[in-house]
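Report on one structure; see the data block that follows.
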Amino acid sequence: MATSQYSTTSETTNAGRASRVLLGPCSVQLRDLLRDHVPPQKFPQIIRQKMANYKWTKPQRDLILPSTGQYSGNYSDFDISLLYTLLRNLCKIPKHKNGWGDDPDPNDMSLAANIEMIRICRNRVAHALDFSLSDLEFNDIWSSISTAVIEMDKVLKSNHKHEKDVEFLRYEPMDSEIAKHFKETLRKQYEEDLEIKSLLSEHIKSSDQHIKRSDEKLDGMTYI
């Protein structure tokens, strides 16, 4: 029987394994960081005070700023996209040397740099062609994830909790259907990030146009 282009290979298993660790231990760790800065019971009040007008996607807004009631969970339903946005904008974490949204320096072990690295690794895996990672790509991504998780465990003083989970998943057998599930979930998160970037870009463009129109009006005014 001819081999299907969709058959499981070591490369697709690599992508599935990387997706699983990002959606598992990495996401859990980011949630722990958010709880460390903003206790869940205070979240509804703080999010309305500080980020009610942020350009959220509809699913995000429905989750954290519902039209009726308020968010009442413990962050277990927050994904990497939402966690990154909240940690960056809500938690007063000092930006890394190159600034939020940019690749951090390899030797930068600040909390912001490690949060950023998890986002970057998520994007690398989600953007991989046909969700396939060579052993070289996989090892590079896994090394970056491991380093970030180890450093963030130090911040959380969690006795290597998440580091151990990451190491466990490195060699845990991967069922093809499980791998597919994690890869599709990660892809969805990545697409949501692209939607957020588009919304923010449109907002900035609209604000710039508003400022320009205001300046033009001022230029045409007569001062007495």
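Chains: A, B, ... in order of the structure tokens. Residues: from 1 per chain. Ligands: from 1, in order shown.
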Original post:
Lys95 in chain A: which residues within 10 Å, counting only C-alpha atoms, same-chain residues fewer than 3 positions away excluded, as a count of residues only?
Top reply: 12
Which residues of range 17-107 of chain A come within 10 Å of range 168-187 of chain A, and what is each one's closest atom pair and distance in Å (one decimal), counting only C-alpha atoms, sorted by chain and residue number, as CSV?
residue,atom,partner,partner_atom,distance
A:Arg17,CA,A:Ala179,CA,6.7
A:Ala18,CA,A:Arg170,CA,8.5
A:Ser19,CA,A:Phe182,CA,5.5
A:Arg20,CA,A:Phe182,CA,5.6
A:Val21,CA,A:Leu169,CA,6.7
A:Leu22,CA,A:Leu186,CA,8.3
A:Leu23,CA,A:Leu186,CA,7.2
A:Gly24,CA,A:Leu169,CA,9.4
A:Pro25,CA,A:Leu169,CA,9.1
A:Asp79,CA,A:Leu186,CA,9.4
A:Ile80,CA,A:Leu186,CA,9.0
A:Ser81,CA,A:Leu186,CA,9.9
